>>> print(open('protein.txt').read())   # compact mmCIF, C-alpha atoms
# COMPACT_ATOMS: atom_id res chain seq x y z
CA MET A 6 -186.06 31.21 43.20
CA ALA A 7 -182.55 31.30 44.68
CA ARG A 8 -182.29 27.53 44.28
CA LEU A 9 -183.29 27.80 40.61
CA ILE A 10 -180.61 30.43 40.00
CA ARG A 11 -177.93 28.22 41.58
CA LYS A 12 -178.79 25.24 39.35
CA ARG A 13 -176.22 24.33 36.70
CA GLU A 14 -178.86 24.12 33.97
CA THR A 15 -180.12 27.65 34.68
CA LEU A 16 -176.59 29.05 34.53
CA LEU A 17 -175.85 27.23 31.28
CA PHE A 18 -179.11 28.42 29.72
CA ALA A 19 -178.24 32.00 30.68
CA VAL A 20 -174.76 31.61 29.14
CA ILE A 21 -176.29 30.36 25.88
CA VAL A 22 -178.70 33.31 25.78
CA VAL A 23 -175.82 35.75 26.37
CA MET A 24 -173.76 34.05 23.65
CA ILE A 25 -176.62 34.38 21.16
CA ALA A 26 -177.04 38.05 22.06
CA VAL A 27 -173.31 38.72 21.65
CA PHE A 28 -173.03 36.86 18.35
CA SER A 29 -176.10 38.67 17.01
CA THR A 30 -174.19 41.95 17.33
CA ARG A 31 -171.73 40.60 14.74
CA ALA A 32 -174.32 38.86 12.54
CA ALA A 33 -177.66 40.65 12.47
CA ASP A 34 -179.77 37.61 11.58
CA PHE A 35 -178.11 35.21 14.03
CA ALA A 36 -180.85 35.51 16.65
CA THR A 37 -183.79 35.23 14.25
CA PRO A 38 -186.24 32.37 14.91
CA ASP A 39 -185.42 30.71 11.59
CA ASN A 40 -181.68 30.71 12.31
CA LEU A 41 -182.15 29.45 15.87
CA ALA A 42 -184.40 26.66 14.56
CA GLY A 43 -181.64 25.85 12.05
CA ILE A 44 -179.05 25.68 14.85
CA PHE A 45 -181.28 23.31 16.80
CA ASN A 46 -181.73 21.14 13.71
CA ASP A 47 -177.96 21.12 13.11
CA THR A 48 -177.45 20.03 16.73
CA ALA A 49 -180.25 17.42 16.82
CA ILE A 50 -178.01 14.43 16.07
CA LEU A 51 -175.43 15.58 18.62
CA ILE A 52 -178.22 15.86 21.21
CA ILE A 53 -179.25 12.23 20.60
CA LEU A 54 -175.65 10.98 20.74
CA ALA A 55 -174.97 13.03 23.88
CA LEU A 56 -177.99 11.44 25.58
CA ALA A 57 -176.64 8.03 24.56
CA GLN A 58 -173.27 8.96 26.05
CA MET A 59 -174.91 10.35 29.19
CA THR A 60 -176.65 7.05 29.89
CA VAL A 61 -173.32 5.23 29.88
CA ILE A 62 -171.44 7.89 31.86
CA LEU A 63 -174.10 7.80 34.59
CA THR A 64 -173.07 4.20 35.27
CA LYS A 65 -169.41 5.27 35.68
CA SER A 66 -168.47 4.09 32.18
CA ILE A 67 -167.81 5.76 28.82
CA ASP A 68 -168.59 4.86 25.20
CA LEU A 69 -165.92 6.08 22.81
CA SER A 70 -167.29 3.88 20.01
CA VAL A 71 -170.63 5.68 19.68
CA ALA A 72 -169.64 7.57 16.50
CA ALA A 73 -167.98 4.50 14.97
CA ASN A 74 -171.20 2.61 15.67
CA LEU A 75 -173.04 5.37 13.80
CA ALA A 76 -170.61 5.10 10.87
CA PHE A 77 -170.89 1.33 10.46
CA THR A 78 -174.66 1.24 10.93
CA GLY A 79 -175.15 4.19 8.59
CA MET A 80 -173.08 2.48 5.91
CA ALA A 81 -175.03 -0.76 6.39
CA ILE A 82 -178.49 0.74 6.00
CA ALA A 83 -177.41 3.03 3.14
CA MET A 84 -176.16 -0.05 1.25
CA MET A 85 -179.40 -1.88 2.12
CA ASN A 86 -181.43 1.00 0.74
CA ALA A 87 -179.31 1.10 -2.43
CA ALA A 88 -179.47 -2.68 -2.95
CA PHE A 89 -183.14 -3.15 -2.01
CA PRO A 90 -184.97 0.10 -2.83
CA GLY A 91 -188.33 -1.56 -2.26
CA LEU A 92 -187.73 -2.07 1.47
CA PRO A 93 -190.10 0.09 3.56
CA LEU A 94 -188.40 2.93 5.43
CA ILE A 95 -189.62 1.66 8.80
CA VAL A 96 -187.78 -1.63 8.18
CA LEU A 97 -184.54 0.23 7.49
CA ILE A 98 -184.92 2.37 10.61
CA LEU A 99 -185.63 -0.69 12.77
CA ALA A 100 -182.62 -2.42 11.21
CA ALA A 101 -180.46 0.59 12.09
CA VAL A 102 -181.64 0.57 15.71
CA LEU A 103 -181.12 -3.20 16.04
CA ILE A 104 -177.65 -3.14 14.45
CA GLY A 105 -176.64 -0.25 16.70
CA ALA A 106 -178.01 -2.04 19.76
CA ALA A 107 -176.12 -5.22 18.80
CA LEU A 108 -172.85 -3.31 18.55
CA GLY A 109 -173.60 -1.64 21.88
CA SER A 110 -174.29 -5.03 23.45
CA ILE A 111 -170.78 -6.17 22.48
CA ASN A 112 -169.35 -3.28 24.49
CA GLY A 113 -171.70 -4.04 27.37
CA PHE A 114 -170.87 -7.74 27.41
CA LEU A 115 -167.12 -7.11 27.51
CA VAL A 116 -167.53 -4.60 30.33
CA TRP A 117 -170.03 -6.72 32.27
CA ARG A 118 -168.88 -10.31 31.92
CA LEU A 119 -165.15 -9.89 31.28
CA GLU A 120 -164.82 -6.82 33.52
CA ILE A 121 -162.60 -4.97 31.05
CA PRO A 122 -162.41 -1.20 31.72
CA PRO A 123 -164.97 0.61 29.52
CA ILE A 124 -162.43 3.05 28.07
CA VAL A 125 -160.26 0.13 26.87
CA VAL A 126 -163.22 -1.76 25.43
CA THR A 127 -164.68 1.17 23.55
CA LEU A 128 -161.30 2.39 22.26
CA GLY A 129 -160.90 -1.06 20.75
CA THR A 130 -164.39 -1.30 19.30
CA LEU A 131 -164.07 2.26 17.95
CA THR A 132 -161.31 1.02 15.65
CA ILE A 133 -163.06 -2.29 14.94
CA TYR A 134 -166.37 -0.68 13.92
CA ARG A 135 -164.64 1.84 11.67
CA GLY A 136 -162.70 -1.02 10.10
CA MET A 137 -165.90 -3.02 9.66
CA ALA A 138 -167.45 -0.07 7.83
CA PHE A 139 -164.49 -0.04 5.44
CA VAL A 140 -164.64 -3.80 4.88
CA LEU A 141 -168.40 -3.69 4.32
CA SER A 142 -168.19 -0.91 1.73
CA GLY A 143 -164.78 -1.64 0.28
CA GLY A 144 -163.95 2.00 0.94
CA ALA A 145 -166.64 3.16 -1.50
CA TRP A 146 -169.22 5.86 -0.84
CA VAL A 147 -172.98 5.51 -1.09
CA ASN A 148 -174.19 8.72 -2.72
CA ALA A 149 -177.56 10.46 -2.95
CA HIS A 150 -178.41 9.09 -6.41
CA GLN A 151 -178.09 5.54 -5.04
CA MET A 152 -180.62 6.13 -2.25
CA THR A 153 -184.39 6.35 -2.61
CA PRO A 154 -186.16 9.74 -2.38
CA THR A 155 -188.22 8.61 0.62
CA PHE A 156 -185.09 7.52 2.50
CA LEU A 157 -183.56 10.97 1.98
CA SER A 158 -186.57 13.24 2.34
CA VAL A 159 -188.26 12.18 5.59
CA PRO A 160 -185.87 13.89 8.08
CA ARG A 161 -186.07 17.10 6.03
CA THR A 162 -189.88 17.18 5.89
CA PRO A 163 -191.17 20.20 7.86
CA ILE A 164 -193.91 19.73 10.48
CA LEU A 165 -195.19 22.79 12.36
CA GLY A 166 -192.17 24.80 11.28
CA LEU A 167 -189.51 22.25 12.26
CA PRO A 168 -188.02 19.40 10.22
CA VAL A 169 -188.77 15.82 11.26
CA LEU A 170 -185.14 15.53 12.40
CA SER A 171 -185.73 18.18 15.07
CA TRP A 172 -188.96 16.51 16.19
CA VAL A 173 -187.20 13.16 16.52
CA ALA A 174 -184.61 14.81 18.79
CA ILE A 175 -187.38 16.39 20.90
CA ILE A 176 -189.16 13.03 21.24
CA ILE A 177 -185.93 11.27 22.24
CA VAL A 178 -185.26 13.96 24.86
CA ALA A 179 -188.73 13.46 26.34
CA LEU A 180 -188.41 9.66 26.34
CA MET A 181 -184.96 9.75 27.93
CA TYR A 182 -186.21 12.12 30.62
CA MET A 183 -189.06 9.74 31.47
CA LEU A 184 -186.78 6.69 31.35
CA LEU A 185 -184.06 8.08 33.61
CA ARG A 186 -186.38 9.83 36.05
CA TYR A 187 -189.21 7.34 36.51
CA SER A 188 -188.02 3.86 35.48
CA GLN A 189 -186.21 1.23 37.52
CA PHE A 190 -183.39 1.29 34.96
CA GLY A 191 -182.93 5.05 35.47
CA ARG A 192 -182.72 4.69 39.25
CA SER A 193 -180.31 1.78 38.86
CA ALA A 194 -178.09 3.77 36.49
CA TYR A 195 -177.76 6.67 38.93
CA ALA A 196 -177.15 4.29 41.85
CA THR A 197 -174.57 2.24 39.92
CA GLY A 198 -172.51 5.30 39.09
CA GLY A 199 -173.09 7.18 42.33
CA ASN A 200 -172.25 4.42 44.81
CA PRO A 201 -171.70 0.96 43.30
CA THR A 202 -171.18 -0.71 46.68
CA ALA A 203 -174.42 0.63 48.11
CA ALA A 204 -176.19 -0.27 44.85
CA VAL A 205 -175.10 -3.91 45.21
CA TYR A 206 -176.30 -4.02 48.82
CA ALA A 207 -179.61 -2.57 47.61
CA GLY A 208 -180.02 -5.54 45.26
CA ILE A 209 -179.06 -3.77 42.01
CA ASP A 210 -177.15 -5.81 39.43
CA THR A 211 -174.59 -3.12 38.52
CA GLY A 212 -173.04 -5.19 35.73
CA ARG A 213 -176.39 -5.77 34.05
CA THR A 214 -177.23 -2.07 34.43
CA LYS A 215 -174.01 -1.12 32.62
CA PHE A 216 -174.79 -3.69 29.91
CA LEU A 217 -178.25 -2.19 29.34
CA ALA A 218 -176.76 1.32 29.26
CA PHE A 219 -174.40 0.29 26.46
CA VAL A 220 -177.26 -1.39 24.56
CA LEU A 221 -179.35 1.78 24.83
CA SER A 222 -176.38 3.88 23.74
CA GLY A 223 -175.90 1.65 20.71
CA ALA A 224 -179.60 1.79 19.80
CA LEU A 225 -179.57 5.59 19.87
CA ALA A 226 -176.38 5.60 17.78
CA GLY A 227 -178.16 3.32 15.30
CA LEU A 228 -181.11 5.70 15.06
CA SER A 229 -178.69 8.59 14.62
CA SER A 230 -177.01 6.74 11.76
CA TYR A 231 -180.16 6.89 9.64
CA LEU A 232 -180.73 10.54 10.52
CA TRP A 233 -177.13 11.42 9.62
CA VAL A 234 -177.00 9.52 6.31
CA SER A 235 -180.39 10.78 5.15
CA ARG A 236 -179.73 14.38 6.18
CA TYR A 237 -176.34 14.64 4.47
CA ALA A 238 -177.29 12.25 1.64
CA VAL A 239 -174.03 10.33 1.76
CA ALA A 240 -172.48 7.38 3.62
CA TYR A 241 -168.74 6.84 3.91
CA VAL A 242 -166.30 5.32 6.39
CA ASP A 243 -165.37 8.54 8.20
CA ILE A 244 -168.83 10.00 8.81
CA ALA A 245 -169.26 11.46 12.30
CA ASN A 246 -165.50 11.27 12.83
CA GLY A 247 -164.76 12.92 16.18
CA PHE A 248 -168.38 12.99 17.30
CA GLU A 249 -167.60 10.65 20.18
CA LEU A 250 -165.56 13.48 21.72
CA ASP A 251 -168.31 16.01 21.01
CA SER A 252 -170.81 13.77 22.79
CA VAL A 253 -168.54 13.54 25.84
CA ALA A 254 -167.95 17.29 25.73
CA ALA A 255 -171.70 18.00 25.64
CA CYS A 256 -172.17 15.81 28.72
CA VAL A 257 -169.31 17.43 30.63
CA ILE A 258 -170.44 20.96 29.78
CA GLY A 259 -173.97 19.98 30.80
CA GLY A 260 -172.82 18.94 34.26
CA ILE A 261 -172.64 15.16 33.85
CA SER A 262 -170.01 13.86 36.25
CA ILE A 263 -167.37 11.63 34.64
CA ALA A 264 -167.24 9.87 38.02
CA GLY A 265 -170.85 8.73 37.41
CA GLY A 266 -174.18 9.09 39.14
CA VAL A 267 -174.65 12.84 38.63
CA GLY A 268 -176.36 14.71 35.79
CA SER A 269 -179.63 15.45 34.04
CA VAL A 270 -181.18 15.20 30.61
CA ALA A 271 -181.74 18.97 30.56
CA GLY A 272 -178.07 19.60 31.29
CA THR A 273 -176.97 17.27 28.49
CA VAL A 274 -179.29 18.95 25.98
CA LEU A 275 -178.05 22.40 27.00
CA GLY A 276 -174.45 21.20 26.75
CA ALA A 277 -175.07 20.01 23.19
CA LEU A 278 -176.82 23.28 22.31
CA PHE A 279 -173.90 25.22 23.77
CA LEU A 280 -171.55 23.43 21.36
CA GLY A 281 -174.06 23.87 18.54
CA VAL A 282 -174.23 27.64 19.05
CA ILE A 283 -170.42 27.91 19.15
CA LYS A 284 -169.92 25.80 16.02
CA ASN A 285 -172.52 27.79 14.10
CA ALA A 286 -171.41 31.21 15.36
CA LEU A 287 -167.61 31.13 15.17
CA PRO A 288 -167.39 30.69 11.37
CA VAL A 289 -169.92 33.53 10.94
CA ILE A 290 -167.74 35.97 12.88
CA GLY A 291 -164.61 34.90 11.04
CA ILE A 292 -162.91 32.61 13.57
CA SER A 293 -160.56 30.08 11.94
CA PRO A 294 -161.20 26.32 12.37
CA PHE A 295 -158.03 25.92 14.44
CA THR A 296 -159.06 28.69 16.81
CA GLN A 297 -162.50 27.08 17.05
CA MET A 298 -160.86 23.85 18.21
CA ALA A 299 -158.84 25.75 20.82
CA ILE A 300 -161.94 27.53 22.09
CA SER A 301 -163.93 24.29 22.29
CA GLY A 302 -161.08 22.59 24.15
CA THR A 303 -160.80 25.48 26.59
CA VAL A 304 -164.53 25.34 27.29
CA ILE A 305 -164.33 21.60 28.00
CA ILE A 306 -161.43 22.04 30.44
CA LEU A 307 -163.26 24.85 32.24
CA ALA A 308 -166.40 22.71 32.47
CA VAL A 309 -164.44 19.78 33.93
CA ALA A 310 -162.78 22.11 36.45
CA PHE A 311 -166.16 23.57 37.41
CA ASN A 312 -167.64 20.09 37.86
CA ALA A 313 -164.69 18.95 39.97
CA ARG A 314 -164.95 22.02 42.20
CA ARG A 315 -168.68 21.56 42.63
CA GLU A 316 -168.32 17.89 43.57
CA ARG A 317 -165.51 18.74 46.02
CA ASN A 318 -167.68 21.39 47.64
CA ARG A 319 -170.58 18.94 47.85
CA GLY A 320 -168.31 16.48 49.62
CA ARG A 321 -167.30 19.15 52.13
CA ILE A 322 -170.94 19.98 52.79
CA ILE A 323 -171.73 16.31 53.43
CA LEU A 324 -168.81 16.02 55.85
CA ARG A 325 -169.78 19.26 57.57
CA ASP A 326 -173.39 18.11 57.97
CA ARG A 327 -172.24 14.74 59.29
CA ALA A 328 -169.94 16.41 61.83
CA ALA A 329 -172.77 18.68 62.96
CA ALA A 330 -175.06 15.67 63.40
CA GLU A 331 -172.42 13.90 65.51
CA ILE A 332 -172.03 16.97 67.71
CA ARG A 333 -175.80 17.15 68.22
CA THR A 334 -175.88 13.44 69.11
CA GLU A 335 -173.09 13.84 71.66
CA ALA A 336 -174.79 16.89 73.16
CA ALA A 337 -178.07 14.99 73.50
CA ALA A 338 -176.27 12.11 75.21
>>> encode(input="protein.txt", output="C-alpha cells")
Amino acid sequence: MARLIRKRETLLFAVIVVMIAVFSTRAADFATPDNLAGIFNDTAILIILALAQMTVILTKSIDLSVAANLAFTGMAIAMMNAAFPGLPLIVLILAAVLIGAALGSINGFLVWRLEIPPIVVTLGTLTIYRGMAFVLSGGAWVNAHQMTPTFLSVPRTPILGLPVLSWVAIIIVALMYMLLRYSQFGRSAYATGGNPTAAVYAGIDTGRTKFLAFVLSGALAGLSSYLWVSRYAVAYVDIANGFELDSVAACVIGGISIAGGVGSVAGTVLGALFLGVIKNALPVIGISPFTQMAISGTVIILAVAFNARRERNRGRIILRDRAAAEIRTEAAA
C-alpha cells in the first residue's frame, strides 16, 4: 500500500481528483459524469499524441513535428474526401495512418542513418510539414460542406455513453500499454533511452529502435489527423498549432523522463488528463487565456523540477546501495 501511495501515477491521479473537486465548487456541474466524459472526449486526441510523443522520448529523442504531421495529413485526407466522396472511410483512415507513418519515417531516417540530433531534425520537419500543408491546399480551407456525412459523423457516434473518439483513445491506450510492456520493441525502447551503451552490448540496434519509434509516432499522428478533422469539421494549415508542446507537457507531467528510458503509459494518460482538466476548468472560473498559459507553463516547470529531483534521488540510492554492497564484500573477505 505504501509503495502504491509513493507512485507518481497515484499522486497525479489524486491531484486530478482534488482539482475536479475544487473546480466543482465554482461550477456546480463540473464534476457531473456527463461533463467528465466530455472532458475525456476533448482530451482524447491529446492522449493519442502524448502516447506518440512518449514512445519517442523513451528512446532519448523528441518529436516536435508531431502536430505538423497531423496538420499535413489531416489536410491531405480532407481533400481526398472532398475530391473523391465515394472512397470508403476505412481507406481514408488507412491513408492517414500510412501518410503519418511515412512522415515519421523521414524523421527516423535522419536521426538513425545521418545521426542528426532529434530536436534539430524535428524542428526542421515541423516547418517543412506545415509548409507542405500550405502548398497542398494553396492556403484554402476544407469545410464541413465539402466533406461527406460519414467522414464527419463516425467519431461523434455514441457507443455505450461515449463517442467513438473516446473509445478510439481507450483502445490506443490499451494497445500502447501492451506494446511497451510486453513486446521486444517496448523493451528495446526503454533500454535504448535508459542506457544506450548497455543496450548495444545486449544486442539491441538502438538506431533502428529510434527509427521505429518515430514511425509509430507518425502513424499515431496520422490517425489523430482524421479524428481532429472529422471532430472539428474543418481542415486548414494551422490546425493543432502548438499541440507538439502540449504532447511534451503531458509526458513531462506524467513522469516521462526527457533523458529517456523512464515512464509509463498510465502516467502519460494522466498527464494529458491533467492538462485537459485545467484547459476545461480555467475558462469556466473566469481565468483569462494569458493567465491560463502562465499556469500551464508553471505546472510544466514544476513537473520537470520534480522529475529531476526524483532521478537525482534515485541515483543517490543506487550509489548508496552499491557502496553498501562493497562494504559487505570487503567484510566477507
>>> axis_aligned_box(input="protein.txt", around="range 97-108 of chain A", padding_each_side="3 Å", output="lines of an AutoDock Vina configuration file")
center_x = -179.2
center_y = -1.4
center_z = 13.6
size_x = 18.8
size_y = 13.6
size_z = 18.3
>>> residues_around(input="protein.txt", residues="range 219-222 of chain A", least_positions_apart="6", cutoff="12 Å", atoms="all atoms listed in the file", output="JSON, numbers by chain")
{"A": [53, 54, 55, 56, 57, 58, 59, 60, 61, 62, 63, 64, 65, 66, 67, 68, 69, 70, 71, 72, 74, 75, 102, 103, 104, 105, 106, 107, 108, 109, 110, 111, 112, 113, 114, 115, 116, 117, 123, 126, 127, 177, 181, 184, 185, 190, 191, 194, 212, 213, 228, 229, 249, 252]}
>>> residues_around(input="protein.txt", residues="Ala33 in chain A", least_positions_apart="5", cutoff="12 Å", atoms="only C-alpha atoms", output="list of chain:residue names")
A:Ile25, A:Ala26, A:Val27, A:Phe28, A:Asn40, A:Ala286, A:Val289, A:Ile290
>>> closest_residue(input="protein.txt", among="A:His150, A:Ala238, A:Ala81, A:Gly260", to="Thr15 in chain A", atoms="all atoms listed in the file")
A:Gly260
>>> atom_distance(input="protein.txt", atom1="CA of Ser269 in chain A", atom2="CA of Phe45 in chain A")
19.0 Å
>>> atom_distance(input="protein.txt", atom1="CA of Phe156 in chain A", atom2="CA of Leu180 in chain A")
24.2 Å
>>> closest_residue(input="protein.txt", among="A:Cys256, A:Val239, A:Val270, A:Leu165", to="Arg186 in chain A", atoms="all atoms listed in the file")
A:Val270
>>> closest_residue(input="protein.txt", among="A:Arg31, A:Ala271, A:Leu278, A:Arg13", to="Ile292 in chain A", atoms="only C-alpha atoms")
A:Arg31
>>> residues_around(input="protein.txt", residues="range 83-98 of chain A", least_positions_apart="3", cutoff="7 Å", atoms="all atoms listed in the file", output="count of residues only")
12
>>> closest_residue(input="protein.txt", among="A:Ile175, A:Ala73, A:Ala203, A:Val309", to="Ala226 in chain A", atoms="only C-alpha atoms")
A:Ala73
>>> residues_around(input="protein.txt", residues="Val159 in chain A", least_positions_apart="4", cutoff="9 Å", atoms="all atoms listed in the file", output="ChimeraX atom specification")
/A:154-155,163,168-170,235-236
>>> write_last_selection(input="protein.txt", atoms="C-alpha atoms", output="short mmCIF file (atom, residue, chain, number, x, y, z; two decimals), in the coordinates of the input")
data_model
loop_
_atom_site.label_atom_id
_atom_site.label_comp_id
_atom_site.auth_asym_id
_atom_site.auth_seq_id
_atom_site.Cartn_x
_atom_site.Cartn_y
_atom_site.Cartn_z
CA PRO A 154 -186.16 9.74 -2.38
CA THR A 155 -188.22 8.61 0.62
CA PRO A 163 -191.17 20.20 7.86
CA PRO A 168 -188.02 19.40 10.22
CA VAL A 169 -188.77 15.82 11.26
CA LEU A 170 -185.14 15.53 12.40
CA SER A 235 -180.39 10.78 5.15
CA ARG A 236 -179.73 14.38 6.18
#
>>> atom_distance(input="protein.txt", atom1="CA of Leu99 in chain A", atom2="CA of Ser158 in chain A")
17.4 Å
>>> closest_residue(input="protein.txt", among="A:Val257, A:Ala49, A:Ile263, A:Leu128", to="Val178 in chain A", atoms="all atoms listed in the file")
A:Ala49
>>> closest_residue(input="protein.txt", among="A:Tyr182, A:Phe295, A:Phe279, A:Trp233", to="Ile82 in chain A", atoms="only C-alpha atoms")
A:Trp233
>>> residues_near_point(input="protein.txt", point="(-167.3, 21.3, 21.9)", cutoff="9 Å", atoms="all atoms listed in the file", output="MDAnalysis selection string")
chainID A and resid 250:255 258 276:277 279:281 283:284 297:298 300:302 304:305
>>> decode(input="protein.txt", residues="range 177-199 of chain A", atoms="N, CA and C atoms", output="compact mmCIF listing (two decimals), in the first residue's frame")
# COMPACT_ATOMS: atom_id res chain seq x y z
N ILE A 177 -6.33 2.75 -28.12
CA ILE A 177 -4.92 3.08 -28.35
C ILE A 177 -4.12 2.99 -27.04
N VAL A 178 -4.71 3.45 -25.95
CA VAL A 178 -4.04 3.35 -24.64
C VAL A 178 -3.76 1.89 -24.31
N ALA A 179 -4.75 1.03 -24.50
CA ALA A 179 -4.57 -0.41 -24.20
C ALA A 179 -3.51 -1.03 -25.09
N LEU A 180 -3.54 -0.70 -26.40
CA LEU A 180 -2.56 -1.27 -27.32
C LEU A 180 -1.14 -0.79 -27.01
N MET A 181 -1.01 0.49 -26.67
CA MET A 181 0.31 1.01 -26.35
C MET A 181 0.85 0.40 -25.06
N TYR A 182 -0.04 0.17 -24.10
CA TYR A 182 0.39 -0.49 -22.86
C TYR A 182 0.94 -1.88 -23.16
N MET A 183 0.21 -2.64 -23.97
CA MET A 183 0.65 -3.99 -24.32
C MET A 183 1.96 -3.94 -25.10
N LEU A 184 2.06 -3.01 -26.05
CA LEU A 184 3.25 -2.92 -26.89
C LEU A 184 4.49 -2.60 -26.07
N LEU A 185 4.39 -1.59 -25.20
CA LEU A 185 5.57 -1.15 -24.47
C LEU A 185 5.93 -2.07 -23.31
N ARG A 186 4.95 -2.78 -22.79
CA ARG A 186 5.22 -3.64 -21.63
C ARG A 186 5.66 -5.05 -22.03
N TYR A 187 5.08 -5.58 -23.11
CA TYR A 187 5.28 -6.99 -23.40
C TYR A 187 6.02 -7.29 -24.70
N SER A 188 6.23 -6.31 -25.57
CA SER A 188 6.87 -6.59 -26.85
C SER A 188 8.37 -6.34 -26.79
N GLN A 189 9.08 -6.93 -27.75
CA GLN A 189 10.52 -6.71 -27.85
C GLN A 189 10.81 -5.24 -28.14
N PHE A 190 9.97 -4.61 -28.97
CA PHE A 190 10.17 -3.19 -29.27
C PHE A 190 10.08 -2.35 -27.99
N GLY A 191 9.09 -2.64 -27.13
CA GLY A 191 8.94 -1.89 -25.89
C GLY A 191 10.17 -2.01 -25.00
N ARG A 192 10.67 -3.23 -24.86
CA ARG A 192 11.87 -3.43 -24.04
C ARG A 192 13.07 -2.72 -24.65
N SER A 193 13.16 -2.75 -25.97
CA SER A 193 14.28 -2.09 -26.65
C SER A 193 14.19 -0.57 -26.49
N ALA A 194 12.98 -0.02 -26.53
CA ALA A 194 12.81 1.42 -26.37
C ALA A 194 13.26 1.89 -25.00
N TYR A 195 12.85 1.17 -23.95
CA TYR A 195 13.28 1.53 -22.60
C TYR A 195 14.80 1.39 -22.45
N ALA A 196 15.36 0.32 -23.00
CA ALA A 196 16.80 0.09 -22.89
C ALA A 196 17.58 1.14 -23.67
N THR A 197 17.10 1.51 -24.85
CA THR A 197 17.79 2.49 -25.68
C THR A 197 17.87 3.84 -24.99
N GLY A 198 16.79 4.25 -24.34
CA GLY A 198 16.80 5.53 -23.65
C GLY A 198 17.47 5.46 -22.29
N GLY A 199 17.32 4.32 -21.60
CA GLY A 199 17.85 4.21 -20.25
C GLY A 199 19.35 4.07 -20.20
